[in-house]
Amino acid sequence: MLKKLLLLVILSGFTLSAQDYFVQKYKPFTAEIPSPETFLGYAIGEHHTRHDLIVAYLEKLAELSDRASIEEYGRTHEGRKLVMLTVTSPKNLNNLNNLREAHLAFTDPKQKVSNYNEVPIFINLAYNVHGNEPSSSEAALLTAYSLVASQNPEILKYLDNAVIFIDPTINPDGRDRHTQWVNTYQGSPEVADPQDAEHNEYWPMGRTNHYWFDLNRDWLLAINPESRGKLKWYHQWYPNVVTDFHEMGTQSTYFFEPMKTNASFDPIMPKENYEDLNTLFGNEFAKSLDSIGSLYFTKEVFDGTYPGYGSSYPDLQGGLGLLFEQASSRGHRQTTAFGEITFAFTIRNQYVSGLTTVKTAVDNKDIMRKYQQDFFKSALTNATKNKVKGYLFGDTHDQNRTKAFIDKLLLHKVEVYRSGNRFAVPTQQPQYRMVQTMFETYEKYRDSVYYDASAWSVANFYNMKYRPVNNLDLGEKISTTQELIKLEPVSKSSYAYIMDWDDYNAPAALYYLQQKGIIASSAAKPFSVRVNKDNKSFNYGAVLIPVSLQKVDGTSIHQMITEAQEKFNVPFYAVNSGLSDNGIDLGSGNISPIKQPKAVMLIGNGVRSYEAGEVWHLLDTRVHMPITKVPMRNFNKLNLDKYTSLVMVSGQYNFTKNQIEKIKQWTEKGNTLVTIGSASKWAIDKKIVQEELIAKEKDSTQIAVRKPYVDARENIGKESIGGVILKVDLDITHPLSYGYRDNQLPVYKNNSVWLAPSKNPYATVAKYAEDPHIDGFITKKNMAEHIMNSASLIVSKVGKGRAVLFADNPNFRGSWYGTNRLFLNALFLGDKINVPSQD
């Protein structure tokens, strides 16, 4: 009842004076600076504001005010600007470069500075990482206006003592997708019915970016330009405080930190961060929200375990990341169990929390600066205590995968050195905690229910073989990956060219040549031949390009090969004879043509957009190969015969019998069905393949043990697989495994799909190893009953075709460079899999 009364008061206040409802506390305002309402032509909260208008307003503030400047730090996939508005006093703004140097001194353990109160505090107010959680970007406009235009003594104090960086929209592509939806369906009068179209976006919704990635999981992995641009900016400024504004379910209230007890057994971030500082700020948030009558809660949910959130990554950089979650109106007005919630109400809570963040940071700037200084000093101290002095890593057979991993390290300012034919990362460096994040794995955890992943050792994402060492000889320091790979020019041949299939970029190079009409073949067995008078060995899957079979002359072929090598940094080798020194000859029946792949993927309602986006992103940005994305509603019109592969990621596929038969008959013709996660379960349940799932054992004699009701969520939740890294044993002779040289491979498990090993002894490509755990939380029950008995990847014969069934997602978050090859092999080499019978 109390909340209903509060909402009625809020609605009344908004109707009477829209602008004063938000900013009255900070009057008076300079008349020369337009308010958001004046600039936009509508009051904040009346409509959802497009990103271009948000940018335009901030540009206008920077144009009119001597308190503000604006910079572009990147562009999204769709070309939208990523901007940062810097707001401070005119004096500070004119002296910003010197202030930055003074600020960065606190991040350098070599410098001894103690002027904690003399340097303004650096604050990053960051908004709207999830596009359909839009209230915070509207609050960003109000916050910018308050800081730029207010003459209130409290605001002037903030400007004198802080440099405030306003990032209004971290995810512009997703925001505009959502903005278009809710504004399109906005009623007049507004419709509060939760069933209305305004409150129910169509797939893939606005949460994610262009490729349907969750950018709030991308700070560590840095796959997308939004995150890479932000990280580059971040490591130029190292803000002391960073906000991370979100929205949650409509029936909730408001959340701010402290979070749930940290789920890691021994967190690498200082205890002072997640206890003392969070409590310090949390008490101030409570006072501010109490003053406007807003309800809230803390500590019950969410955790900062995964280091890739906007609220956790700053914690690993000497700053304080702060999470806020506002109950969402999911449009402009919606009915809840407590009454109606309005867009304006959600904006107000975010606005108040943002300015309270500034106030608290300014009031405690000496504490925050001392904390940041101690953080980087303790990194070196902690490293000294560690027996491990560094990590050696590298894969000489796959330079591009190694390069991608080094690029990730450098993006996070981790020091990397070349050590012989390997690379080295010392632990003794200011970014020691990031080194831990990249390489360390864990088995002990304080909690068993996670908001997200419990495993993230990035080296395993890249299948990067590494080892800790107690002594480390550093060589040349690596500052860039641009010249990391150096290849010899490929000489001209009148006979054939060979490309090994080991390199991560080999599929992209092959597709590039296929697009130009080049005919290529794949070797099913290893061999060695003479290359420039030396013996060169080639692995399973090596690509042969015979000159005599091409439709163009030798000079043109050589030019295309040279272009492919230069574009993708994959070595090609000219050979002048088909006679091998060892293994098969180049005219062997074990070398067969590679059909140019043409893939189609089902998308739309019921399909897991994250996984679909990962497939799309992989093929678009790394292989440069198009994939046709067909909405489920158009499936009946789809002519599958145009394609060589059909991709089905996790989801709910409610097909009719005729539609299921359509997929099965197409596969039987000799095509490849690729399923991931729950789609693999679907293929088994619908009898498209003759495979089985691991059945849950039921004991009819077992009597249920009575347990406290309040513990139900925790007890049930711990059995789910939130995210764990496991080791599989790989059959490296199988076409799906071409390009791998080690039969031990890390995979990422975040579902409960348990594939039984195939009864066909040649069809289980990857089975979990005898000692499979690498990193992350998993119960002993799941390990014993499921993991130890199941397969990660199997292939099943379907007529003349085959189904490739992944239990685990090989493309997780665009980051699993180590297992991408399994998926790409399914597309490029699917027809090489004959699935021998057991007869």
# chains A, B, ... in the order shown; residues from 1 in each chain; ligands from 1
>>> closest_atom_pairs(of="region 367-440 of chain A", to="region 314-335 of chain A", cutoff="9 Å", atoms="only C-alpha atoms", output="tab-separated table")
residue	atom	partner	partner_atom	distance
A:Met368	CA	A:Gly319	CA	7.8
A:Arg369	CA	A:Gly319	CA	8.9
A:Tyr371	CA	A:Gly318	CA	7.1
A:Gln372	CA	A:Gly318	CA	4.4
A:Gln373	CA	A:Gly318	CA	7.4
A:Asp374	CA	A:Gly318	CA	8.2
A:Phe375	CA	A:Gly318	CA	5.4
A:Phe376	CA	A:Gly318	CA	6.7
A:Gln431	CA	A:Gln317	CA	7.9
A:Arg433	CA	A:Leu316	CA	6.6
A:Met434	CA	A:Leu316	CA	7.1
>>> write_last_selection(atoms="C-alpha atoms", output="PDB file, in the first residue's frame")
ATOM      1  CA  MET A 368      39.392   6.696  -2.677  1.00  0.00           C
ATOM      2  CA  ARG A 369      42.774   7.990  -3.829  1.00  0.00           C
ATOM      3  CA  TYR A 371      42.741   3.068  -1.808  1.00  0.00           C
ATOM      4  CA  GLN A 372      43.713   3.184  -5.497  1.00  0.00           C
ATOM      5  CA  GLN A 373      47.347   3.800  -4.622  1.00  0.00           C
ATOM      6  CA  ASP A 374      47.374   0.918  -2.125  1.00  0.00           C
ATOM      7  CA  PHE A 375      45.652  -1.328  -4.653  1.00  0.00           C
ATOM      8  CA  PHE A 376      48.479  -1.168  -7.190  1.00  0.00           C
ATOM      9  CA  GLN A 431      48.368  -5.606 -13.434  1.00  0.00           C
ATOM     10  CA  ARG A 433      45.392  -9.204 -10.621  1.00  0.00           C
ATOM     11  CA  MET A 434      44.638  -9.243 -14.344  1.00  0.00           C
TER      12      MET A 434
END
>>> residues_around(residues="Phe122 (chain A)", least_positions_apart="6", cutoff="7 Å", atoms="only C-alpha atoms", output="number ranges by chain")
A: 162-164, 239-241
>>> residues_around(residues="Gly587 (chain A)", least_positions_apart="6", cutoff="12 Å", atoms="only C-alpha atoms", output="list in words")
Tyr495, Ala496, Ser521, Ser522, Ala523, Phe527, Leu544, Ile545, Pro546, Ser577, Gly578, Leu579, Ser580 and Pro593 of chain A
>>> closest_residue(among="A:Leu141, A:Ala337, A:Leu220, A:Asn132", to="Leu411 (chain A)", atoms="only C-alpha atoms")
A:Leu220
>>> residues_around(residues="region 44-52 of chain A", least_positions_apart="3", cutoff="6 Å", atoms="only C-alpha atoms", output="list in words")
Val55, Asp176, Thr179, Phe343 and Ala344 of chain A
>>> atom_distance(atom1="CA of Met632 (chain A)", atom2="CA of Gly604 (chain A)")
5.5 Å
>>> atom_distance(atom1="CA of Pro109 (chain A)", atom2="CA of Thr381 (chain A)")
10.2 Å
>>> closest_residue(among="A:Val129, A:Ile703, A:Val615, A:Ala599", to="Arg217 (chain A)", atoms="only C-alpha atoms")
A:Val129
>>> select_by_dssp(residues="region 256-435 of chain A", states="strand (DSSP E or B)", output="number ranges by chain")
A: 256, 264, 297, 320-327, 333-336, 339-342, 390-393, 416-419, 422-426
>>> select_by_dssp(residues="region 76-164 of chain A", states="helix (DSSP H, G or I)", output="CSV table (one decimal) with N, CA, C and O atoms, in the first residue's frame")
chain,number,residue,atom,x,y,z
A,90,PRO,N,35.7,25.1,-14.9
A,90,PRO,CA,36.4,25.6,-16.0
A,90,PRO,C,37.9,25.6,-15.8
A,90,PRO,O,38.7,25.3,-16.7
A,91,LYS,N,38.3,25.8,-14.5
A,91,LYS,CA,39.7,25.8,-14.2
A,91,LYS,C,40.3,24.4,-14.4
A,91,LYS,O,41.4,24.2,-14.9
A,92,ASN,N,39.6,23.4,-13.9
A,92,ASN,CA,40.0,22.0,-14.0
A,92,ASN,C,40.1,21.6,-15.5
A,92,ASN,O,41.0,20.9,-15.9
A,93,LEU,N,39.0,22.0,-16.2
A,93,LEU,CA,39.0,21.6,-17.6
A,93,LEU,C,40.1,22.1,-18.4
A,93,LEU,O,40.7,21.4,-19.3
A,94,ASN,N,40.6,23.3,-18.1
A,94,ASN,CA,41.7,23.9,-18.8
A,94,ASN,C,43.0,23.3,-18.4
A,94,ASN,O,44.0,23.5,-19.1
A,96,LEU,N,43.3,19.9,-17.6
A,96,LEU,CA,43.0,18.5,-17.5
A,96,LEU,C,44.2,17.6,-17.8
A,96,LEU,O,44.3,16.6,-17.1
A,97,ASN,N,45.0,17.9,-18.7
A,97,ASN,CA,46.2,17.0,-18.9
A,97,ASN,C,47.1,16.9,-17.7
A,97,ASN,O,47.6,15.9,-17.4
A,98,ASN,N,47.3,18.1,-17.0
A,98,ASN,CA,48.1,18.0,-15.8
A,98,ASN,C,47.4,17.3,-14.7
A,98,ASN,O,48.1,16.6,-13.9
A,99,LEU,N,46.1,17.4,-14.6
A,99,LEU,CA,45.4,16.7,-13.6
A,99,LEU,C,45.4,15.2,-13.9
A,99,LEU,O,45.5,14.4,-12.9
A,100,ARG,N,45.4,14.8,-15.1
A,100,ARG,CA,45.5,13.4,-15.5
A,100,ARG,C,46.8,12.8,-15.0
A,100,ARG,O,46.9,11.7,-14.5
A,101,GLU,N,47.9,13.6,-15.3
A,101,GLU,CA,49.2,13.1,-14.9
A,101,GLU,C,49.3,13.0,-13.3
A,101,GLU,O,49.8,12.0,-12.8
A,102,ALA,N,48.7,13.9,-12.6
A,102,ALA,CA,48.7,13.9,-11.2
A,102,ALA,C,47.9,12.7,-10.7
A,102,ALA,O,48.2,12.0,-9.7
A,103,HIS,N,46.8,12.5,-11.4
A,103,HIS,CA,45.9,11.4,-11.0
A,103,HIS,C,46.6,10.0,-11.3
A,103,HIS,O,46.5,9.1,-10.4
A,104,LEU,N,47.2,9.9,-12.4
A,104,LEU,CA,47.8,8.6,-12.8
A,104,LEU,C,49.0,8.2,-11.8
A,104,LEU,O,49.4,7.1,-11.8
A,105,ALA,N,49.6,9.2,-11.2
A,105,ALA,CA,50.7,9.0,-10.2
A,105,ALA,C,50.2,8.0,-9.1
A,105,ALA,O,51.0,7.2,-8.6
A,106,PHE,N,48.9,8.0,-8.8
A,106,PHE,CA,48.4,7.1,-7.8
A,106,PHE,C,48.3,5.7,-8.3
A,106,PHE,O,48.1,4.8,-7.4
A,107,THR,N,48.3,5.5,-9.6
A,107,THR,CA,48.2,4.1,-10.1
A,107,THR,C,49.6,3.5,-10.4
A,107,THR,O,49.7,2.4,-10.8
A,135,SER,N,16.2,3.6,-18.6
A,135,SER,CA,16.0,4.8,-17.7
A,135,SER,C,17.3,5.5,-17.5
A,135,SER,O,17.3,6.7,-17.3
A,136,SER,N,18.5,4.8,-17.5
A,136,SER,CA,19.7,5.5,-17.1
A,136,SER,C,20.2,6.5,-18.1
A,136,SER,O,20.8,7.5,-17.7
A,137,SER,N,20.0,6.2,-19.4
A,137,SER,CA,20.4,7.2,-20.4
A,137,SER,C,19.7,8.5,-20.2
A,137,SER,O,20.2,9.6,-20.5
A,138,GLU,N,18.4,8.4,-19.9
A,138,GLU,CA,17.6,9.6,-19.7
A,138,GLU,C,18.1,10.3,-18.4
A,138,GLU,O,18.2,11.5,-18.4
A,139,ALA,N,18.5,9.5,-17.4
A,139,ALA,CA,19.1,10.1,-16.2
A,139,ALA,C,20.4,10.8,-16.5
A,139,ALA,O,20.8,11.8,-15.9
A,140,ALA,N,21.1,10.2,-17.5
A,140,ALA,CA,22.4,10.8,-17.9
A,140,ALA,C,22.2,12.3,-18.5
A,140,ALA,O,23.0,13.2,-18.2
A,141,LEU,N,21.1,12.5,-19.2
A,141,LEU,CA,20.8,13.8,-19.8
A,141,LEU,C,20.5,14.8,-18.6
A,141,LEU,O,21.0,15.9,-18.6
A,142,LEU,N,19.8,14.3,-17.7
A,142,LEU,CA,19.4,15.2,-16.5
A,142,LEU,C,20.7,15.5,-15.7
A,142,LEU,O,20.9,16.6,-15.2
A,143,THR,N,21.5,14.5,-15.5
A,143,THR,CA,22.8,14.6,-14.7
A,143,THR,C,23.7,15.6,-15.4
A,143,THR,O,24.3,16.5,-14.8
A,144,ALA,N,23.9,15.5,-16.7
A,144,ALA,CA,24.7,16.4,-17.5
A,144,ALA,C,24.2,17.8,-17.4
A,144,ALA,O,25.0,18.8,-17.2
A,145,TYR,N,22.9,18.0,-17.5
A,145,TYR,CA,22.3,19.3,-17.4
A,145,TYR,C,22.5,19.9,-16.0
A,145,TYR,O,22.9,21.1,-15.9
A,146,SER,N,22.3,19.1,-15.0
A,146,SER,CA,22.5,19.6,-13.6
A,146,SER,C,24.0,20.0,-13.4
A,146,SER,O,24.2,21.1,-12.8
A,147,LEU,N,24.9,19.2,-13.9
A,147,LEU,CA,26.3,19.6,-13.6
A,147,LEU,C,26.8,20.7,-14.5
A,147,LEU,O,27.7,21.5,-14.1
A,148,VAL,N,26.2,20.9,-15.7
A,148,VAL,CA,26.7,22.0,-16.6
A,148,VAL,C,26.0,23.3,-16.3
A,148,VAL,O,26.6,24.4,-16.4
A,149,ALA,N,24.7,23.2,-15.9
A,149,ALA,CA,23.9,24.5,-15.9
A,149,ALA,C,23.6,25.0,-14.5
A,149,ALA,O,23.3,26.1,-14.3
A,153,PRO,N,25.4,25.8,-4.9
A,153,PRO,CA,26.7,25.6,-4.3
A,153,PRO,C,27.1,24.2,-4.2
A,153,PRO,O,28.4,23.9,-4.3
A,154,GLU,N,26.2,23.3,-4.0
A,154,GLU,CA,26.6,21.9,-3.9
A,154,GLU,C,27.2,21.4,-5.2
A,154,GLU,O,28.2,20.7,-5.2
A,155,ILE,N,26.6,21.7,-6.4
A,155,ILE,CA,27.1,21.3,-7.7
A,155,ILE,C,28.4,22.0,-7.9
A,155,ILE,O,29.4,21.3,-8.4
A,156,LEU,N,28.6,23.2,-7.6
A,156,LEU,CA,29.9,23.9,-7.8
A,156,LEU,C,31.0,23.2,-7.0
A,156,LEU,O,32.1,23.2,-7.4
A,157,LYS,N,30.6,22.8,-5.8
A,157,LYS,CA,31.6,22.0,-5.0
A,157,LYS,C,32.0,20.7,-5.7
A,157,LYS,O,33.2,20.4,-5.7
A,158,TYR,N,31.1,20.0,-6.3
A,158,TYR,CA,31.4,18.8,-7.0
A,158,TYR,C,32.4,19.1,-8.2
A,158,TYR,O,33.4,18.4,-8.4
A,159,LEU,N,32.1,20.2,-8.9
A,159,LEU,CA,32.9,20.5,-10.1
A,159,LEU,C,34.3,20.9,-9.7
A,159,LEU,O,35.3,20.6,-10.4
A,160,ASP,N,34.5,21.6,-8.5
A,160,ASP,CA,35.8,22.0,-8.1
A,160,ASP,C,36.6,20.7,-7.7
A,160,ASP,O,37.9,20.7,-7.8
A,161,ASN,N,35.9,19.7,-7.2
A,161,ASN,CA,36.6,18.6,-6.5
A,161,ASN,C,36.6,17.3,-7.3
A,161,ASN,O,37.0,16.3,-6.8
>>> residues_around(residues="region 816-826 of chain A", least_positions_apart="5", cutoff="8 Å", atoms="only C-alpha atoms", output="MDAnalysis selection string")
chainID A and resid 401 460:464 504 507 672 674 735:739 745:747 804 810:811
>>> closest_residue(among="A:Asp214, A:Glu226, A:Glu32, A:Glu37", to="Ser609 (chain A)", atoms="only C-alpha atoms")
A:Asp214
>>> closest_residue(among="A:Gln186, A:Asn152, A:Thr76, A:Asn654", to="Leu215 (chain A)", atoms="only C-alpha atoms")
A:Thr76
>>> closest_residue(among="A:Trp212, A:Trp501, A:Tyr57, A:Tyr351", to="Ser288 (chain A)", atoms="only C-alpha atoms")
A:Tyr351
